[in-house]
Structure formats: structure tokens, C-alpha cells
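J.: As input, take input.cif (mmCIF, C-alpha atoms and all ligand atoms):
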```
data_upload
loop_
_atom_site.label_atom_id
_atom_site.label_comp_id
_atom_site.auth_asym_id
_atom_site.auth_seq_id
_atom_site.Cartn_x
_atom_site.Cartn_y
_atom_site.Cartn_z
CA MET A 1 70.74 -39.21 -4.90
CA GLN A 2 69.55 -35.96 -6.55
CA THR A 3 70.68 -35.44 -10.17
CA ASN A 4 69.27 -32.89 -12.62
CA HIS A 5 66.11 -32.54 -10.51
CA THR A 6 65.56 -36.29 -10.44
CA PHE A 7 65.74 -37.98 -7.05
CA ARG A 8 66.61 -41.64 -7.36
CA LEU A 9 67.58 -44.57 -5.19
CA GLN A 10 68.76 -48.02 -6.12
CA HIS A 11 66.52 -50.74 -4.75
CA LYS A 12 66.65 -54.54 -4.62
CA ILE A 13 63.33 -56.27 -5.34
CA HIS A 14 62.72 -58.28 -2.19
CA PHE A 15 60.84 -61.58 -2.01
CA SER A 16 58.13 -59.90 0.11
CA ARG A 17 57.22 -57.65 -2.86
CA CYS A 18 56.66 -60.53 -5.29
CA ASP A 19 53.84 -62.82 -6.31
CA PRO A 20 54.25 -66.61 -6.78
CA ALA A 21 55.48 -65.94 -10.32
CA GLY A 22 58.53 -64.21 -8.82
CA ILE A 23 57.64 -60.79 -10.18
CA ILE A 24 56.67 -57.66 -8.34
CA PHE A 25 52.98 -57.53 -7.43
CA TYR A 26 51.68 -54.20 -8.75
CA PRO A 27 50.35 -52.61 -5.48
CA GLN A 28 53.84 -53.02 -4.06
CA TYR A 29 55.03 -50.29 -6.43
CA PHE A 30 52.83 -47.82 -4.55
CA ILE A 31 54.49 -48.77 -1.27
CA LEU A 32 57.95 -48.53 -2.83
CA PHE A 33 57.22 -45.08 -4.22
CA ASN A 34 55.64 -43.87 -0.98
CA ASP A 35 58.91 -44.86 0.69
CA LEU A 36 60.81 -43.01 -2.05
CA VAL A 37 58.75 -39.85 -1.42
CA GLU A 38 59.57 -40.21 2.28
CA SER A 39 63.31 -40.53 1.57
CA TRP A 40 63.13 -37.57 -0.82
CA ILE A 41 61.39 -35.28 1.70
CA ASP A 42 63.95 -36.42 4.30
CA ALA A 43 66.68 -35.32 1.87
CA ILE A 44 65.27 -31.90 0.93
CA LEU A 45 63.42 -30.65 4.05
CA PRO A 46 64.92 -30.07 7.52
CA GLY A 47 62.93 -32.23 9.93
CA GLY A 48 62.07 -34.59 7.10
CA TYR A 49 58.87 -36.51 6.47
CA GLN A 50 58.34 -37.43 10.11
CA GLY A 51 58.72 -33.79 11.16
CA LEU A 52 56.25 -32.65 8.52
CA ILE A 53 53.61 -35.30 9.15
CA GLY A 54 54.20 -36.49 12.72
CA GLU A 55 55.09 -33.18 14.35
CA ARG A 56 53.56 -30.49 12.13
CA ARG A 57 50.55 -32.63 11.22
CA VAL A 58 50.69 -31.83 7.52
CA GLY A 59 49.03 -34.58 5.48
CA MET A 60 49.98 -35.50 1.92
CA PRO A 61 47.17 -37.74 0.64
CA THR A 62 47.07 -38.88 -2.97
CA VAL A 63 44.10 -37.57 -4.95
CA HIS A 64 45.01 -38.84 -8.41
CA ILE A 65 47.35 -41.45 -9.83
CA GLU A 66 47.86 -42.88 -13.29
CA SER A 67 50.26 -45.75 -13.81
CA GLU A 68 51.69 -47.81 -16.62
CA PHE A 69 53.32 -51.21 -16.19
CA ARG A 70 55.58 -51.76 -19.18
CA ALA A 71 57.95 -54.59 -18.22
CA ILE A 72 58.27 -57.01 -15.33
CA SER A 73 60.62 -56.59 -12.38
CA ARG A 74 61.92 -59.84 -10.89
CA PHE A 75 62.77 -61.00 -7.37
CA GLY A 76 66.43 -60.26 -6.60
CA GLU A 77 66.89 -57.60 -9.30
CA GLN A 78 68.29 -54.14 -8.68
CA VAL A 79 66.25 -51.25 -10.07
CA TRP A 80 66.32 -47.49 -9.93
CA LEU A 81 63.32 -45.77 -8.33
CA GLU A 82 63.12 -42.18 -9.56
CA LEU A 83 60.86 -39.20 -9.02
CA GLU A 84 60.68 -35.59 -10.07
CA VAL A 85 58.30 -32.68 -9.59
CA ALA A 86 56.07 -32.37 -12.66
CA ARG A 87 53.87 -29.56 -11.32
CA LEU A 88 53.84 -27.40 -8.22
CA GLY A 89 50.40 -25.95 -7.50
CA ASN A 90 49.05 -23.91 -4.59
CA ARG A 91 47.79 -26.87 -2.57
CA SER A 92 48.91 -29.77 -4.71
CA ILE A 93 52.12 -31.33 -6.01
CA THR A 94 52.30 -33.57 -9.07
CA LEU A 95 55.15 -36.07 -9.17
CA ALA A 96 56.39 -38.24 -12.03
CA TRP A 97 57.70 -41.66 -10.95
CA ARG A 98 59.76 -44.21 -12.87
CA CYS A 99 61.09 -47.64 -12.01
CA VAL A 100 64.00 -48.38 -14.35
CA GLY A 101 66.06 -51.54 -14.63
CA MET A 102 69.85 -51.60 -14.73
CA ASP A 103 69.30 -52.32 -18.46
CA ASP A 104 67.64 -48.85 -18.73
CA VAL A 105 64.27 -50.45 -19.52
CA VAL A 106 61.40 -48.58 -17.88
CA ARG A 107 59.40 -51.12 -15.88
CA MET A 108 56.73 -48.86 -14.47
CA SER A 109 55.88 -45.16 -14.58
CA ALA A 110 53.21 -43.10 -12.90
CA VAL A 111 51.97 -39.57 -12.37
CA GLN A 112 50.76 -38.88 -8.84
CA THR A 113 49.04 -35.78 -7.46
CA ILE A 114 49.22 -35.23 -3.73
CA VAL A 115 47.47 -32.48 -1.79
CA THR A 116 48.79 -30.83 1.35
CA THR A 117 46.22 -31.08 4.13
CA SER A 118 45.77 -30.42 7.81
CA LEU A 119 45.77 -33.73 9.65
CA GLU A 120 43.46 -32.10 12.21
CA THR A 121 40.69 -31.16 9.76
CA HIS A 122 41.60 -33.33 6.72
CA THR A 123 41.02 -30.34 4.46
CA SER A 124 43.48 -28.89 1.96
CA ILE A 125 45.98 -26.24 3.02
CA ALA A 126 48.53 -24.18 1.08
CA ILE A 127 51.84 -25.96 0.62
CA PRO A 128 53.88 -24.80 3.65
CA GLU A 129 56.43 -22.13 2.62
CA ASP A 130 59.53 -24.09 3.63
CA LEU A 131 58.28 -27.17 1.76
CA ARG A 132 57.45 -25.04 -1.30
CA ALA A 133 60.95 -23.52 -1.26
CA ALA A 134 62.49 -26.99 -1.00
CA LEU A 135 60.29 -28.27 -3.84
CA GLU A 136 61.14 -25.27 -6.03
CA ARG A 137 64.82 -26.03 -5.55
CA ALA A 138 64.14 -29.67 -6.45
CA ALA A 139 61.90 -28.92 -9.47
CA PRO A 140 62.99 -28.32 -13.06
CA ALA A 141 63.08 -24.62 -13.97
CA SER A 142 59.99 -25.04 -16.14
CA GLY A 143 58.14 -27.09 -13.47
C1 LIG A 201 42.69 -34.11 -0.18
C2 LIG A 201 41.28 -33.51 -0.14
C3 LIG A 201 40.95 -33.04 1.27
C4 LIG A 201 41.30 -32.28 -1.07
O1 LIG A 201 40.01 -31.77 -1.08
P1 LIG A 201 39.53 -30.83 -2.26
O2 LIG A 201 39.64 -31.55 -3.55
O3 LIG A 201 38.24 -30.24 -1.83
O4 LIG A 201 40.66 -29.69 -2.19
P2 LIG A 201 40.75 -28.38 -3.01
O5 LIG A 201 39.59 -28.17 -3.89
O6 LIG A 201 41.13 -27.33 -2.02
O7 LIG A 201 42.00 -28.64 -3.99
C5 LIG A 201 43.31 -28.60 -3.49
C6 LIG A 201 44.25 -28.91 -4.62
O8 LIG A 201 44.12 -30.28 -5.00
C7 LIG A 201 43.87 -30.40 -6.41
N1 LIG A 201 43.05 -31.59 -6.60
C8 LIG A 201 42.00 -31.96 -5.85
N2 LIG A 201 41.50 -33.11 -6.31
C9 LIG A 201 42.25 -33.47 -7.36
C10 LIG A 201 42.24 -34.58 -8.25
N3 LIG A 201 41.37 -35.57 -8.13
N4 LIG A 201 43.17 -34.63 -9.21
C11 LIG A 201 44.10 -33.65 -9.34
N5 LIG A 201 44.18 -32.57 -8.50
C12 LIG A 201 43.25 -32.50 -7.55
C13 LIG A 201 43.19 -29.09 -6.77
O9 LIG A 201 43.31 -28.84 -8.15
C14 LIG A 201 44.00 -28.12 -5.91
O10 LIG A 201 45.26 -27.92 -6.53
P3 LIG A 201 46.02 -26.51 -6.56
O11 LIG A 201 47.45 -26.88 -6.74
O12 LIG A 201 45.46 -25.74 -7.68
O13 LIG A 201 45.77 -25.83 -5.24
C15 LIG A 201 40.21 -34.50 -0.64
O14 LIG A 201 40.32 -34.62 -2.04
C16 LIG A 201 40.35 -35.85 0.02
O15 LIG A 201 40.24 -35.99 1.22
N6 LIG A 201 40.57 -36.87 -0.79
C17 LIG A 201 40.76 -38.24 -0.33
C18 LIG A 201 42.26 -38.55 -0.29
C19 LIG A 201 42.43 -40.03 -0.03
O16 LIG A 201 41.76 -40.61 0.78
N7 LIG A 201 43.36 -40.64 -0.78
C20 LIG A 201 43.51 -42.06 -0.70
C21 LIG A 201 44.78 -42.49 -0.07
S1 LIG A 201 45.09 -41.71 1.48
C22 LIG A 201 46.71 -41.32 1.35
O17 LIG A 201 47.30 -41.60 0.36
C23 LIG A 201 47.36 -40.61 2.47
C24 LIG A 201 46.57 -40.10 3.47
C25 LIG A 201 47.12 -39.37 4.47
O18 LIG A 201 46.35 -38.89 5.45
C26 LIG A 201 48.49 -39.10 4.50
C27 LIG A 201 49.06 -38.32 5.50
C28 LIG A 201 50.39 -38.07 5.46
C29 LIG A 201 51.18 -38.55 4.47
C30 LIG A 201 50.65 -39.34 3.49
C31 LIG A 201 49.29 -39.63 3.49
C32 LIG A 201 48.71 -40.40 2.47
O19 LIG A 201 49.51 -40.95 1.52
#
```
Mind turning the file's structure into C-alpha cells?
T.:
Amino acid sequence: MQTNHTFRLQHKIHFSRCDPAGIIFYPQYFILFNDLVESWIDAILPGGYQGLIGERRVGMPTVHIESEFRAISRFGEQVWLELEVARLGNRSITLAWRCVGMDDVVRMSAVQTIVTTSLETHTSIAIPEDLRAALERAAPASG
């Protein structure tokens, strides 16, 4: 769902994401948000994430990430996973992530910078024009 430049999906915290205490194990958030980025690109770009990476061989590795874990998320709970474009550069995209409970409490937030690369050379490339256009439509006016 895309609302006011925020893309968000409801997600149930599965057993496989949790530690023996029954709470989400922190690296699992990175997997959840990678999946969210994939769903978001699928929603905004014709051909989607698989077309971009698998067919066009555009990489999107993470070069920087800062996270905060503010409250626990428990096995079986529903949460919102949200992202928005915080900055659109020439060869990099900065995303703001939030995991929010149904009680509106922010469980986790992060700022992630990804760089567009060639998966042939593993060097940075300009953000492809169609992806940039899609990101500009998805980004806040000031972003
Ligand atoms: C990714 C790199 C090849 C970039 O190299 P370099 O830094 O030399 O690039 P540029 O100088 O051209 O800068 C381009 C652009 O990036 C910004 N930037 C670079 N580093 C940082 C940083 N640390 N923090 C913030 N921003 C940074 C720079 O300012 C430029 O921005 P502009 O907007 O102004 O153009 C090289 O850094 C590299 O190879 N790094 C290692 C990446 C890595 O291994 N990450 C670990 C996880 S791997 C991963 O997550 C991942 C890998 C993939 O191959 C994927 C492929 C497809 C989809 C997802 C993938 C994925 O998730």
C-alpha cells in the first residue's frame, strides 16, 4: 500500500523470525525490510525487482545502515513495515524504514543507503532513468 509517499505492508511475525524468548531476532529485520524493498520495487517499476536485478543485472547493495531498536516485536503479532525515500542521489538512494505495531508504537527504525551497481563489474552506476522516475514519483516533494 502506498500512502503519502510511504509504502507499507502489514506483516505477521512468524515463529521462524524469533529467538527462544519469542521476540524477533534483530538480523531478521534486515531480511524483512529487504523483502519490503522488493515488494515496493515490484509495485512502482514495470518488470519489478526481478526484472531489474535478474534481467537487467542492476545491483542494489547496501553501503550504510543505522538502526534503532526501541520496543520488542513478539511472535504472532501483526506489525506495519514501512519505507519512504529520504534522499535520491545520483548513484545512491537513502531509505527510511519503520516497523510499527498496531498500537502505533515504533518497534524499530533504520536509515539505509543503497547504491545502484552493475552486477557485471560490481561498480556504481547512475540510477537507471526509469527507476529514478519511479522513485521521484514515490518520494516526498522535498526528498
Ligand atoms: C557499492 C560500491 C561498489 C560503491 O562504490 P563506491 O563507494 O566507490 O561508489 P561511488 O564513489 O561511485 O559512490 C556512489 C554513491 O554511493 C554513495 N556512497 C558510497 N559509499 C557510501 C557510504 N558508505 N555511505 C553513504 N553513501 C555512500 C556515494 O555518496 C555516491 O552517492 P551519490 O548519490 O552522490 O552518487 C562499494 O561501496 C561496494 O561494493 N560496497 C560493498 C557493498 C556490500 O558488500 N554491502 C554488503 C551487503 S551486499 C548487499 O546488500 C547486496 C548486494 C548485492 O549484490 C545486491 C544485488 C541486488 C540487490 C540487492 C543486493 C544487495 O542487497
J.: Figure out the distance between CA of Ala110 in chain A and CA of Arg98 in chain A, please, to one decimal in Å.
T.: 6.6 Å
J.: Where does chain A meet ligand LIG 201 (chain A) within 7 Å, residue by residue, with the nearest atom pair and distance in Å to one decimal for each, counting only C-alpha atoms and all ligand atoms, listed by chain and rising number, as a tab-separated table?
T.:
```
residue	atom	partner	partner_atom	distance
A:Ile53	CA	A:LIG201	C28	5.6
A:Val58	CA	A:LIG201	C28	6.6
A:Gly59	CA	A:LIG201	C27	3.7
A:Met60	CA	A:LIG201	C29	4.2
A:Pro61	CA	A:LIG201	C23	3.4
A:Thr62	CA	A:LIG201	O17	4.3
A:Val63	CA	A:LIG201	N3	4.6
A:His64	CA	A:LIG201	N4	4.7
A:Leu88	CA	A:LIG201	O11	6.6
A:Gly89	CA	A:LIG201	O11	3.2
A:Asn90	CA	A:LIG201	O13	3.9
A:Arg91	CA	A:LIG201	O13	3.5
A:Ser92	CA	A:LIG201	O11	3.8
A:Ile93	CA	A:LIG201	O11	6.5
A:Thr113	CA	A:LIG201	C11	5.7
A:Val115	CA	A:LIG201	O8	5.1
A:Thr117	CA	A:LIG201	C3	6.3
A:Leu119	CA	A:LIG201	O18	6.7
A:His122	CA	A:LIG201	C3	5.5
A:Thr123	CA	A:LIG201	C3	4.2
A:Ser124	CA	A:LIG201	O6	4.9
```
J.: If you measure from CA of Glu77 in chain A to CA of His14 in chain A, what distance in Å do you get, rounded to one decimal?
T.: 8.3 Å
J.: One number please: CA of Arg8 in chain A to CA of Glu136 in chain A, in Å, one decimal.
T.: 17.3 Å
J.: May I have the residues within 8 Å of Thr6 in chain A as a VMD selection string, using only C-alpha atoms and disregarding those fewer than 6 positions away in the same chain?
T.: chain A and resid 82 to 84 138
J.: Show which residues sit within 12 Å of Leu81 in chain A, as a PyMOL selection string. Count all atoms listed in the file, and ignore same-chain residues fewer than 3 positions away.
T.: chain A and resi 1-2+6-13+29-37+39-40+73+78+84+96-102+104+106-110
J.: So, counting only C-alpha atoms, which residue among A:Ala126, A:Leu131, A:Ala139, A:Ile24 is closest to Gly51 in chain A?
T.: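 Between A:Ala126, A:Leu131, A:Ala139, A:Ile24, the residue approaching Gly51 in chain A most closely is A:Leu131.
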J.: When you count all atoms listed in the file, which of these residues is closest to Gln112 in chain A: A:Ile72, A:Ala86, A:Ala134, A:Ile65?
T.: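 The closest residue to Gln112 in chain A is A:Ile65.
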J.: Anything within 12 Å of (57.8, -62.7, -3.4): list those residues as number ranges by chain, counting all atoms listed in the file and sticking to the file's coordinates.
T.: A: 13-26, 28, 73-77
J.: Step by step, gather every atom of range 10-17 of chain A that the file lists, find the box along x, y and z that holds them, add 5 Å on each side, and finally give centre and edge lengths in Å to one decimal, as lines of an AutoDock Vina configuration file.
T.:
```
center_x = 63.0
center_y = -54.8
center_z = -3.0
size_x = 21.5
size_y = 23.6
size_z = 16.2
```
J.: Tell me which of A:Val111, A:Ile127, A:Arg137, A:Thr116 sits closest to Glu66 in chain A, counting only C-alpha atoms.
T.: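 Smallest distance to Glu66 in chain A is found for A:Val111.
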J.: With only C-alpha atoms as the basis for distance, which of A:Ile125, A:Val85, A:Ala133, A:Ile114 is at the shortest distance from His5 in chain A?
T.: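 Nearest to His5 in chain A: A:Val85.
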